[in-house]
Every structure is written in structure tokens, then in C-alpha cells.
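Raw query_18.txt, compact mmCIF, C-alpha atoms:
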# COMPACT_ATOMS: atom_id res chain seq x y z
CA MET A 1 30.69 -18.94 -34.37
CA ASN A 2 29.31 -20.33 -31.10
CA VAL A 3 26.17 -18.38 -30.11
CA ARG A 4 27.14 -18.26 -26.43
CA ALA A 5 30.64 -17.04 -27.22
CA SER A 6 29.26 -14.45 -29.64
CA PHE A 7 26.82 -13.17 -27.02
CA PHE A 8 29.56 -13.00 -24.38
CA GLU A 9 31.89 -11.16 -26.73
CA ALA A 10 29.20 -8.61 -27.63
CA ALA A 11 28.35 -8.08 -23.94
CA VAL A 12 32.02 -7.53 -23.04
CA MET A 13 32.36 -5.09 -25.94
CA ALA A 14 29.31 -3.14 -24.73
CA LEU A 15 30.69 -2.91 -21.19
CA SER A 16 34.09 -1.83 -22.52
CA SER A 17 32.38 0.90 -24.52
CA LEU A 18 30.62 2.08 -21.36
CA ARG A 19 33.90 2.30 -19.45
CA ALA A 20 35.73 4.02 -22.29
CA ALA A 21 33.26 6.90 -22.55
CA LYS A 22 31.72 7.32 -19.12
CA LEU A 23 30.14 10.74 -19.66
CA ARG A 24 28.65 9.78 -23.02
CA SER A 25 27.36 6.55 -21.53
CA PHE A 26 25.74 8.39 -18.63
CA LEU A 27 24.04 10.90 -20.93
CA THR A 28 22.97 8.06 -23.22
CA LEU A 29 21.38 6.13 -20.36
CA LEU A 30 19.94 9.11 -18.48
CA GLY A 31 16.43 8.58 -19.89
CA ILE A 32 16.50 4.84 -19.10
CA ILE A 33 17.85 5.50 -15.59
CA LEU A 34 15.16 8.09 -14.82
CA SER A 35 12.34 5.96 -16.19
CA THR A 36 13.47 2.83 -14.35
CA THR A 37 13.94 4.76 -11.11
CA THR A 38 10.47 6.29 -11.44
CA LEU A 39 8.84 2.96 -12.24
CA ILE A 40 10.44 1.09 -9.34
CA ALA A 41 9.96 3.94 -6.87
CA VAL A 42 6.24 4.11 -7.68
CA MET A 43 5.90 0.32 -7.48
CA SER A 44 7.74 0.37 -4.14
CA VAL A 45 5.39 3.00 -2.71
CA ILE A 46 2.31 1.15 -3.98
CA HIS A 47 3.56 -2.24 -2.75
CA GLY A 48 4.52 -0.79 0.64
CA MET A 49 1.19 1.03 1.01
CA ASP A 50 -0.78 -2.08 -0.02
CA LYS A 51 0.98 -4.11 2.65
CA TYR A 52 0.56 -1.30 5.16
CA VAL A 53 -3.16 -0.98 4.51
CA ALA A 54 -3.64 -4.75 4.66
CA ASP A 55 -1.74 -5.04 7.95
CA LYS A 56 -2.94 -1.96 9.83
CA ILE A 57 -5.97 -0.32 8.28
CA ALA A 58 -7.92 -3.22 6.80
CA ASP A 59 -7.18 -5.79 9.48
CA LEU A 60 -10.57 -6.86 10.80
CA GLY A 61 -9.32 -10.32 11.69
CA ALA A 62 -10.27 -13.65 10.17
CA GLY A 63 -14.00 -13.62 9.60
CA GLY A 64 -14.39 -10.04 10.81
CA TYR A 65 -16.77 -7.49 9.31
CA MET A 66 -18.35 -4.14 10.15
CA VAL A 67 -21.81 -2.59 10.01
CA VAL A 68 -21.98 1.21 9.76
CA ARG A 69 -24.56 3.80 8.84
CA MET A 70 -22.80 4.64 5.58
CA ALA A 71 -19.39 4.26 3.98
CA PHE A 72 -17.64 5.20 0.73
CA PHE A 73 -15.29 2.80 -1.03
CA GLY A 74 -14.68 4.82 -4.15
CA ASP A 75 -14.81 8.42 -5.33
CA PHE A 76 -16.45 10.65 -2.73
CA ASP A 77 -19.64 12.18 -4.11
CA PRO A 78 -20.99 15.11 -2.02
CA LYS A 79 -24.49 14.66 -3.49
CA LYS A 80 -24.45 10.97 -2.66
CA PHE A 81 -23.20 11.76 0.84
CA LEU A 82 -26.05 14.20 1.48
CA GLU A 83 -28.53 11.68 0.10
CA LEU A 84 -27.22 8.95 2.43
CA GLN A 85 -27.28 11.39 5.36
CA ARG A 86 -30.95 11.95 4.65
CA LYS A 87 -32.14 8.40 4.03
CA ASN A 88 -29.84 6.26 6.21
CA PRO A 89 -31.02 6.21 9.84
CA GLU A 90 -28.59 5.88 12.72
CA LEU A 91 -27.83 2.37 13.92
CA SER A 92 -29.47 1.80 17.29
CA GLN A 93 -28.89 -0.19 20.44
CA ALA A 94 -32.30 -1.85 20.00
CA GLU A 95 -31.24 -3.11 16.56
CA TYR A 96 -28.00 -4.35 18.07
CA GLU A 97 -29.88 -6.38 20.70
CA PHE A 98 -32.22 -7.80 18.04
CA LEU A 99 -29.29 -8.88 15.86
CA ARG A 100 -27.33 -10.32 18.79
CA VAL A 101 -30.26 -12.55 19.77
CA ASN A 102 -31.25 -13.72 16.29
CA MET A 103 -27.99 -14.18 14.37
CA THR A 104 -26.81 -17.78 13.94
CA LEU A 105 -23.74 -17.40 11.72
CA THR A 106 -22.01 -14.64 13.72
CA ARG A 107 -20.31 -15.70 16.95
CA GLU A 108 -19.38 -12.21 18.21
CA LEU A 109 -21.20 -8.91 17.79
CA GLY A 110 -19.95 -5.74 19.43
CA LEU A 111 -21.37 -2.24 19.76
CA ARG A 112 -19.17 0.86 19.73
CA ALA A 113 -19.16 4.65 19.44
CA ASN A 114 -16.44 7.32 19.45
CA GLN A 115 -15.84 10.84 20.75
CA MET A 116 -12.79 13.07 21.06
CA ALA A 117 -11.84 14.56 24.42
CA ASP A 118 -8.95 15.99 26.45
CA VAL A 119 -7.66 13.58 29.10
CA ARG A 120 -5.90 14.62 32.31
CA ALA A 121 -3.93 12.87 35.01
CA GLY A 122 -2.69 15.18 37.74
CA ASN A 123 -0.91 18.09 36.05
CA ASN A 124 -0.44 16.20 32.77
CA ARG A 125 -2.88 16.64 29.90
CA LEU A 126 -3.41 15.09 26.47
CA GLU A 127 -5.59 16.72 23.81
CA ASP A 128 -7.76 15.06 21.17
CA VAL A 129 -7.76 11.56 22.62
CA ARG A 130 -10.17 9.11 20.98
CA ILE A 131 -12.71 7.93 23.57
CA THR A 132 -14.33 4.67 22.45
CA GLY A 133 -17.34 3.21 24.20
CA GLY A 134 -17.75 -0.49 23.52
CA THR A 135 -19.12 -3.80 24.66
CA SER A 136 -16.86 -6.12 26.63
CA ASN A 137 -15.99 -8.19 23.53
CA LEU A 138 -14.56 -5.21 21.63
CA ALA A 139 -11.01 -6.15 22.65
CA LEU A 140 -11.46 -9.50 20.89
CA LEU A 141 -13.10 -7.94 17.83
CA GLN A 142 -10.36 -5.29 17.48
CA ASN A 143 -7.52 -7.63 18.47
CA LEU A 144 -6.46 -5.47 21.43
CA GLN A 145 -3.87 -7.29 23.55
CA PRO A 146 -3.32 -6.11 27.16
CA GLU A 147 0.25 -5.17 28.04
CA THR A 148 -0.70 -4.81 31.71
CA GLY A 149 -3.99 -5.23 33.50
CA ARG A 150 -7.13 -6.32 31.66
CA TYR A 151 -10.09 -5.21 29.55
CA PHE A 152 -13.39 -4.39 31.23
CA THR A 153 -16.03 -7.08 31.78
CA GLU A 154 -19.72 -7.27 30.89
CA PRO A 155 -20.84 -6.78 34.53
CA GLU A 156 -18.76 -3.59 34.62
CA ASN A 157 -20.49 -2.52 31.42
CA GLN A 158 -23.99 -3.28 32.70
CA ASN A 159 -23.25 -1.49 36.00
CA ARG A 160 -21.85 1.55 34.17
CA ARG A 161 -18.52 1.45 35.97
CA TYR A 162 -16.05 4.30 35.47
CA VAL A 163 -13.20 2.07 34.31
CA ALA A 164 -10.83 2.62 31.39
CA PHE A 165 -8.53 0.60 29.15
CA ILE A 166 -5.89 2.94 27.69
CA GLY A 167 -3.43 3.03 24.81
CA ALA A 168 0.33 3.11 25.25
CA ASP A 169 0.59 6.84 24.39
CA LEU A 170 -1.46 7.75 27.47
CA LYS A 171 0.90 5.77 29.67
CA ASP A 172 3.91 7.52 28.10
CA GLN A 173 2.46 11.03 28.45
CA LEU A 174 0.38 10.81 31.61
CA PHE A 175 2.20 8.13 33.65
CA PRO A 176 5.85 8.14 32.59
CA ASN A 177 7.92 5.43 34.28
CA VAL A 178 4.87 4.33 36.30
CA ASP A 179 2.48 1.40 35.92
CA PRO A 180 -0.83 3.09 34.96
CA VAL A 181 -3.03 0.27 36.33
CA GLY A 182 -4.79 1.50 39.45
CA LYS A 183 -4.24 5.16 38.57
CA THR A 184 -6.99 7.64 37.68
CA ILE A 185 -7.57 9.69 34.54
CA ASP A 186 -10.15 12.45 34.09
CA PHE A 187 -12.18 13.52 31.06
CA GLU A 188 -15.56 15.17 30.62
CA GLY A 189 -15.33 16.10 34.31
CA ARG A 190 -15.38 12.48 35.53
CA PRO A 191 -12.65 10.29 37.05
CA PHE A 192 -11.97 6.86 35.48
CA LEU A 193 -9.96 4.06 37.07
CA VAL A 194 -7.34 2.62 34.68
CA ILE A 195 -7.68 -1.19 34.72
CA GLY A 196 -5.45 -2.04 31.77
CA MET A 197 -3.15 -0.84 29.01
CA ALA A 198 -2.93 -2.20 25.44
CA LYS A 199 0.21 -3.38 23.72
CA ARG A 200 1.69 -0.74 21.47
CA MET A 201 0.25 -0.76 17.93
CA GLY A 202 2.39 1.93 16.31
CA SER A 203 1.19 4.50 13.80
CA VAL A 204 -0.63 4.64 10.47
CA PHE A 205 0.71 7.26 8.04
CA GLY A 206 2.30 9.05 10.98
CA GLN A 207 -0.95 9.02 13.01
CA SER A 208 -0.57 7.21 16.34
CA GLN A 209 -2.91 4.28 16.97
CA ASP A 210 -2.13 4.26 20.68
CA LEU A 211 -3.87 7.50 21.64
CA PHE A 212 -7.17 6.06 22.86
CA VAL A 213 -9.29 5.24 25.88
CA HIS A 214 -11.85 2.41 25.86
CA ILE A 215 -14.71 2.56 28.33
CA PRO A 216 -17.89 0.44 28.71
CA ILE A 217 -20.58 1.42 26.21
CA GLU A 218 -23.20 1.90 28.94
CA THR A 219 -20.83 4.23 30.78
CA TYR A 220 -20.24 6.03 27.47
CA PHE A 221 -24.00 6.58 27.11
CA LYS A 222 -24.13 7.86 30.70
CA VAL A 223 -21.30 10.34 30.07
CA TYR A 224 -22.25 11.57 26.59
CA GLY A 225 -25.98 10.98 26.62
CA SER A 226 -26.34 10.81 22.81
CA ARG A 227 -26.58 7.38 21.21
CA ARG A 228 -25.72 8.61 17.75
CA GLY A 229 -22.75 7.44 15.69
CA LEU A 230 -23.05 3.78 16.68
CA SER A 231 -21.47 0.98 14.64
CA TYR A 232 -21.30 -2.79 14.97
CA ALA A 233 -18.16 -4.91 14.87
CA ALA A 234 -18.81 -8.58 14.11
CA MET A 235 -17.02 -11.89 13.65
CA ALA A 236 -18.47 -14.81 11.69
CA ASN A 237 -18.47 -18.33 13.13
CA THR A 238 -15.66 -19.22 10.71
CA PRO A 239 -13.93 -17.29 7.90
CA ASP A 240 -15.55 -19.66 5.39
CA VAL A 241 -19.09 -18.46 6.20
CA ILE A 242 -18.40 -14.72 6.34
CA GLU A 243 -20.44 -14.00 3.20
CA GLN A 244 -23.40 -15.99 4.54
CA ALA A 245 -23.06 -14.24 7.92
CA MET A 246 -23.13 -10.83 6.23
CA ASP A 247 -26.17 -11.83 4.19
CA GLU A 248 -27.91 -12.99 7.36
CA MET A 249 -27.02 -9.67 9.02
CA LYS A 250 -28.53 -7.73 6.09
CA VAL A 251 -31.74 -9.82 6.06
CA LEU A 252 -32.27 -9.41 9.81
CA LEU A 253 -31.56 -5.67 9.81
CA ARG A 254 -33.83 -5.09 6.81
CA SER A 255 -36.52 -7.16 8.51
CA TYR A 256 -36.23 -5.12 11.73
CA ARG A 257 -36.52 -1.90 9.74
CA ARG A 258 -39.46 -3.31 7.70
CA MET A 259 -37.79 -2.49 4.39
CA PRO A 260 -39.55 -3.64 1.18
CA PRO A 261 -37.54 -5.99 -1.10
CA GLN A 262 -37.07 -3.43 -3.88
CA ARG A 263 -35.54 -0.82 -1.60
CA GLU A 264 -31.76 -0.46 -1.35
CA ASP A 265 -29.97 -1.08 1.94
CA ASN A 266 -29.87 2.03 4.13
CA PHE A 267 -26.75 0.79 5.95
CA THR A 268 -23.36 -0.58 4.91
CA VAL A 269 -21.84 -3.96 5.71
CA PHE A 270 -18.21 -4.44 4.72
CA THR A 271 -15.11 -6.55 5.27
CA ALA A 272 -11.40 -5.83 5.01
CA ASP A 273 -11.62 -6.88 1.35
CA SER A 274 -13.92 -3.90 0.69
CA ILE A 275 -11.28 -1.52 2.04
CA LEU A 276 -8.50 -3.27 0.15
CA GLY A 277 -10.56 -3.27 -3.06
CA ALA A 278 -11.09 0.48 -2.86
CA TRP A 279 -7.41 1.00 -2.09
CA GLU A 280 -6.32 -1.18 -5.01
CA ARG A 281 -8.53 0.81 -7.38
CA LEU A 282 -6.84 3.99 -6.18
CA THR A 283 -3.33 2.59 -6.47
CA GLY A 284 -4.21 1.11 -9.87
CA ALA A 285 -5.00 4.60 -11.16
CA ILE A 286 -1.73 5.90 -9.71
CA ALA A 287 0.18 3.03 -11.31
CA ALA A 288 -1.44 3.69 -14.70
CA THR A 289 -0.39 7.35 -14.54
CA ALA A 290 3.13 6.34 -13.56
CA VAL A 291 3.34 3.89 -16.48
CA ALA A 292 2.30 6.66 -18.89
CA VAL A 293 5.03 8.97 -17.55
CA VAL A 294 7.60 6.16 -17.56
CA SER A 295 6.70 5.26 -21.15
CA VAL A 296 7.62 8.77 -22.30
CA PHE A 297 10.98 8.54 -20.53
CA MET A 298 11.57 5.08 -21.98
CA VAL A 299 10.85 6.23 -25.56
CA VAL A 300 13.17 9.22 -25.14
CA GLY A 301 15.86 6.95 -23.69
CA GLY A 302 15.37 4.45 -26.50
CA VAL A 303 15.72 7.13 -29.19
CA VAL A 304 18.96 8.35 -27.57
CA ILE A 305 20.31 4.78 -27.51
CA MET A 306 19.39 4.35 -31.18
CA ASN A 307 21.26 7.55 -32.15
CA ILE A 308 24.31 6.53 -30.13
CA MET A 309 24.31 3.06 -31.69
CA LEU A 310 24.12 4.62 -35.17
CA ALA A 311 27.19 6.69 -34.26
CA VAL A 312 28.91 3.51 -32.99
CA VAL A 313 28.18 1.79 -36.30
CA THR A 314 29.81 4.68 -38.12
CA GLU A 315 32.84 4.60 -35.79
CA ARG A 316 33.30 0.85 -36.24
CA THR A 317 32.65 0.60 -39.97
CA VAL A 318 36.16 -0.71 -40.68
CA GLU A 319 35.91 -3.27 -37.88
CA ILE A 320 32.64 -4.51 -39.38
CA GLY A 321 34.32 -4.76 -42.79
CA ILE A 322 37.22 -6.79 -41.36
CA ARG A 323 34.86 -9.16 -39.52
CA LYS A 324 32.80 -9.72 -42.66
CA SER A 325 35.90 -10.31 -44.78
CA LEU A 326 36.96 -12.97 -42.23
CA GLY A 327 33.67 -14.81 -42.60
CA ALA A 328 31.26 -13.15 -40.16
CA ARG A 329 27.67 -13.47 -41.32
CA ARG A 330 25.04 -10.74 -41.35
CA THR A 331 23.31 -12.50 -38.44
CA ASP A 332 26.56 -12.35 -36.43
CA ILE A 333 26.86 -8.59 -36.95
CA LEU A 334 23.15 -8.11 -36.27
CA GLN A 335 23.38 -10.12 -33.04
CA GLN A 336 26.47 -8.25 -31.89
CA PHE A 337 24.86 -4.82 -32.10
CA LEU A 338 21.54 -6.00 -30.68
CA VAL A 339 23.34 -7.47 -27.68
CA GLU A 340 25.35 -4.29 -27.25
CA SER A 341 22.27 -2.05 -27.27
CA SER A 342 20.42 -4.41 -24.89
CA VAL A 343 23.34 -4.59 -22.45
CA LEU A 344 23.73 -0.83 -22.67
CA ALA A 345 20.06 -0.29 -21.75
CA ALA A 346 20.19 -3.04 -19.08
CA CYS A 347 23.04 -1.17 -17.38
CA GLY A 348 20.78 1.86 -17.24
CA GLY A 349 18.08 -0.36 -15.73
CA VAL A 350 20.48 -1.67 -13.09
CA ALA A 351 21.52 1.89 -12.23
CA GLY A 352 17.84 2.87 -11.96
CA VAL A 353 17.17 -0.08 -9.63
CA ALA A 354 20.10 0.92 -7.42
CA ILE A 355 18.92 4.54 -7.20
CA ALA A 356 15.32 3.47 -6.47
CA TRP A 357 16.54 1.09 -3.76
CA ALA A 358 18.55 3.90 -2.15
CA ILE A 359 15.53 6.22 -2.30
CA ALA A 360 13.30 3.54 -0.74
CA LEU A 361 15.81 3.00 2.06
CA VAL A 362 16.05 6.71 2.86
CA VAL A 363 12.29 7.31 2.66
CA ARG A 364 11.42 4.26 4.77
CA ASN A 365 13.87 5.25 7.51
CA SER A 366 13.13 8.97 7.62
CA THR A 367 9.42 9.33 6.77
CA PRO A 368 6.15 7.51 7.56
CA VAL A 369 5.81 6.43 3.91
CA PRO A 370 6.22 2.61 3.91
CA MET A 371 8.25 1.98 0.73
CA VAL A 372 8.97 -1.72 0.13
CA LEU A 373 10.97 -2.78 -2.94
CA PRO A 374 9.21 -5.84 -4.45
CA PRO A 375 11.48 -8.34 -6.29
CA ILE A 376 9.12 -8.29 -9.28
CA ALA A 377 9.80 -4.56 -9.68
CA VAL A 378 13.55 -5.20 -9.96
CA ALA A 379 13.03 -7.88 -12.63
CA LEU A 380 10.49 -5.70 -14.43
CA GLY A 381 12.70 -2.62 -14.42
CA ILE A 382 15.75 -4.41 -15.79
CA GLY A 383 13.65 -6.48 -18.20
CA ILE A 384 11.81 -3.49 -19.68
CA SER A 385 14.98 -1.46 -20.08
CA SER A 386 16.65 -4.38 -21.85
CA MET A 387 13.67 -4.76 -24.18
CA VAL A 388 13.77 -1.03 -24.96
CA GLY A 389 17.46 -1.33 -25.83
CA LEU A 390 16.72 -4.36 -28.00
CA PHE A 391 13.86 -2.64 -29.84
CA PHE A 392 15.64 0.62 -30.50
CA GLY A 393 18.83 -1.22 -31.40
CA ILE A 394 17.21 -3.06 -34.31
CA TYR A 395 17.64 -0.26 -36.86
CA PRO A 396 21.35 0.45 -36.09
CA ALA A 397 22.03 -3.31 -36.06
CA GLN A 398 20.38 -3.71 -39.45
CA GLN A 399 22.44 -0.84 -40.84
CA ALA A 400 25.62 -2.50 -39.56
CA ALA A 401 24.62 -5.92 -40.91
CA LYS A 402 23.87 -4.50 -44.40
CA LEU A 403 27.30 -2.88 -44.81
CA ASP A 404 29.27 -4.14 -47.80
CA PRO A 405 32.66 -5.43 -46.54
CA ILE A 406 34.63 -3.78 -49.36
CA GLU A 407 32.94 -0.41 -48.89
CA ALA A 408 33.37 -0.75 -45.13
CA LEU A 409 37.15 -1.34 -45.50
CA ARG A 410 37.45 1.68 -47.78
CA ALA A 411 35.94 3.85 -45.04
CA GLU A 412 39.36 3.82 -43.32
CA LYS A 413 40.57 6.31 -45.88
Output the file's structure in the form of C-alpha cells.
Amino acid sequence: MNVRASFFEAAVMALSSLRAAKLRSFLTLLGIILSTTTLIAVMSVIHGMDKYVADKIADLGAGGYMVVRMAFFGDFDPKKFLELQRKNPELSQAEYEFLRVNMTLTRELGLRANQMADVRAGNNRLEDVRITGGTSNLALLQNLQPETGRYFTEPENQNRRYVAFIGADLKDQLFPNVDPVGKTIDFEGRPFLVIGMAKRMGSVFGQSQDLFVHIPIETYFKVYGSRRGLSYAAMANTPDVIEQAMDEMKVLLRSYRRMPPQREDNFTVFTADSILGAWERLTGAIAATAVAVVSVFMVVGGVVIMNIMLAVVTERTVEIGIRKSLGARRTDILQQFLVESSVLAACGGVAGVAIAWAIALVVRNSTPVPMVLPPIAVALGIGISSMVGLFFGIYPAQQAAKLDPIEALRAEK
């Protein structure tokens, strides 16, 4: 018998069996459907979140990196946090000036600090707006594109001008249907002239990224007084030398602080890859847990398929006897039942993929969770379910192949 024809015949027989007993087929495949749906849904969430983090949270630009007092890229340890609070000094403006003058592999270095404040314009008010003080190159370092107006200049920074560059949310809430450039906003009891508005950036996990005000760092120091909580945003000469630029930054900062060689850094320098690495470790743990849960569902589904296939063998004993008496070999019978169990499980996999796709569509359109269905997840879901059907179909197929044709024909009585 032609192998292709035999495979096609077995596949058609499996599909006919599914149609003939729809309820039994559904109950048989329930475990496979649930496990495939769970696997693909989890992979969709992880894939969507990875892309989301890469695009919005970890985007420091080509060659971009950050210098902060301390940062955690793994499990948060309260003891370690208190230790770093004690031994890591605040970054200072004097250190920033020293680095800016002496660095050779970093083409842009910016200084910034943040506070939260309520912002008013006339009778309108917005609470908990992020006020960022920065150098005039912060727009370049943070990839802020003006929608209208402009960013502030270095002379405005040095002269401590009360000028502001605002996010799109402030325009929507404080200046609806009006160009905000040239208008005045108030916070901390001081009026600021709006000179520009950024293009809308959207939200991250439902948190708006457009609720901010940027002001010159020297003006920020004048308003808030404290120079604590500073951080540096930097951009290497080219993306190829980012590691060397970071090493140069560390050497210069350690030198300024007169740190002995054996002492650990009391600051943190990181790139987008550091954030992505920490995120991937987290999602890897989630994926491992999901695989463990899915494996249980898959085993349960496979056992159900095996029991159903054993029942099918019993139901079709006479048919097996007739086929053997007409010349069918044991390998033909074995192949037929293996194909049937694989196709049966693959149908469950396809159903699971369809359900997971529908869930991803609903979640993506109605919640901030960015589910994205990766093609590899579809192939993996259907492939694993088919392999489960093949594995758990081996025993029933062997039982069918070992039947004696004469005894099988007698079973009709």
C-alpha cells in the first residue's frame, strides 16, 4: 500500500470519527485543548511583554546608557537595598562636570532629576505630574520629539529661565483645543512659560508616559533646592564602543571618588540590555512554571486519548481482521492507528490555538496587557499536541497490530 495513500486514509478516518461522535471527541480532547491554550496564551503574554519592554521601557537609543546611584536587575533584597543606601553616595553635579570634560568615548552626557507636583493652568489642575529637571540635551538622550514649539536651550538653562516643555496629557487636560505654546502653567508656586509640547508616547502597562513637564536643571535646583536624586543619561560615540564608553565612565567616576581597586563600584551603570536581561530572567521563570502546568494537562490529555484509542480498537476489531485477511501488514495497521491518534490530538491543538488567538485578541483590545501571538507558538502548540497523540497512541496501535485476523473476525459474534 502506498505510504501517502495510507496516511491520507488514516487521517480521513480520524476526522470522520471526530465528526461522528462530537461530544466524545470534545471530552477526549479537552485536556489537549486546555494545555495548548494555556501554553500559547502564556507564550503570547511573554512575547508581547518582551516586545513591549524592548520598545517602551528599555529603549535608551542606539549607544545609550544610564548612570544611577543604585539599581536592581534581579530579586529585590531589602538587606542589599539598605546596604546600598548606606554605602552608595548620591551622584553630584561636580562629578557630572568632571565626567563631561574628561570623557572621550561618550558624545552626549545629560544630567537629570525628578519630582512629583500638582500643575495648574487657570482653573484646571493635574495631580502627580512628573517634573523632570534636565540639561538641554535631555530631549536627544530620551528621544523626545516636539509636536509643537521646541525644547529649552543651554542659555535658558544657565540663566535659570522659567520655561517648560510639556507632555501631551498636559495639553489635553490643561489646554483643550488650544495650542499650549506661549501659555503659562504653575507649580510649586511659580509660573512657567510653555515653549514646546512632545509628541504623544502612549502608555506603559496602563501608565501614561505623557504626564510630564521638563524644565532646565538649573531652574529645577532653584525651585527645589535639593540636589539629591541625580542621574546621568549618556550616549556613546557609536553603538560599537558602548562597552568601552561605560568602562571609561566607571574608571573616571572611581578616580574622582578616589576608590581603591579592590572596592566594588558604589554606583550603577547600565544599558537597555541590562533591563531586558532582568526581564527575560523573570519571564523565563514564568515560562518554566507554565510548562510544568501544561505538562500535567498534556499527560492527562494523552492518557484520555490512549483510553479512547483502546476503545476504538475494540470497536473496530472485525475491521482489523478483514484488513489483515486481505493482506494488510502489521505495519499498516500500526501506522493507521498512530496517524489517527496523532490527527486526533492535532485537532485538539488546532482548537487550542484558535481559543488562544481569540483570547489574545480580546485581551489586547480591552486591557493594557500587550498579548502578541508568535508564529513559533502556533507551530509549537500543534506540534507538541501531535507528538503527545503519537506517543500515547503507540500502545493502542500495537494492540491493534498484534490482533490475530481469525480471532478478530470471530469477534463479530
Which residue of A:Asn157, A:Thr238, A:Gln209, A:Ser35 approaches Tyr65 of chain A most closely, using only C-alpha atoms: A:Thr238
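Within the 9 Å cut-off around segment 168-175 of chain A, using all atoms listed in the file and omitting residues fewer than 6 positions from it on the same chain, the listed residues are A:Val119, A:Arg120, A:Ala121, A:Gly122, A:Asn123, A:Asn124, A:Arg125, A:Leu126, A:Val129, A:Glu147, A:Lys183, A:Ile185, A:Met197, A:Ala198, A:Lys199, A:Arg200, A:Met201, A:Ser208, A:Gln209, A:Asp210, A:Leu211, A:Phe212, A:Val213.
Non-sequential neighbours of Leu338 of chain A (distance at most 7 Å, separation of 3 or more positions within a chain, all atoms listed in the file) are Leu334, Gln335, Ser341, Ser342, Leu390, Gly393, Ile394 and Ala397 of chain A.
Across the model, the gap from atom CA of Ala236 of chain A to atom CA of Leu105 of chain A is 5.9 Å.
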Excluding Tyr256 of chain A and residues on its chain fewer than 2 positions from it, collect all residues at most 9 Å away from it, counting all atoms listed in the file, and give them as a compact mmCIF listing (two decimals) with C-alpha atoms, keeping the file's coordinate frame.
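The resulting selection-v2.txt:
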# COMPACT_ATOMS: atom_id res chain seq x y z
CA GLU A 95 -31.24 -3.11 16.56
CA PHE A 98 -32.22 -7.80 18.04
CA LEU A 99 -29.29 -8.88 15.86
CA VAL A 251 -31.74 -9.82 6.06
CA LEU A 252 -32.27 -9.41 9.81
CA LEU A 253 -31.56 -5.67 9.81
CA ARG A 254 -33.83 -5.09 6.81
CA ARG A 258 -39.46 -3.31 7.70
CA MET A 259 -37.79 -2.49 4.39
Would you mind reading off the distance between atom CA of Pro89 of chain A and atom CA of Ala245 of chain A, one decimal, in Å? 22.0 Å
Got a sec: who's within 9 Å of segment 351-368 of chain A, counting all atoms listed in the file, leaving out chain neighbours fewer than 6 positions off, as a PyMOL selection string? chain A and resi 32-41+44-45+203-206+377-378+381-382
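If you look at atom CA of Asp128 of chain A and atom CA of Gln93 of chain A, they are 26.1 Å away from each other.
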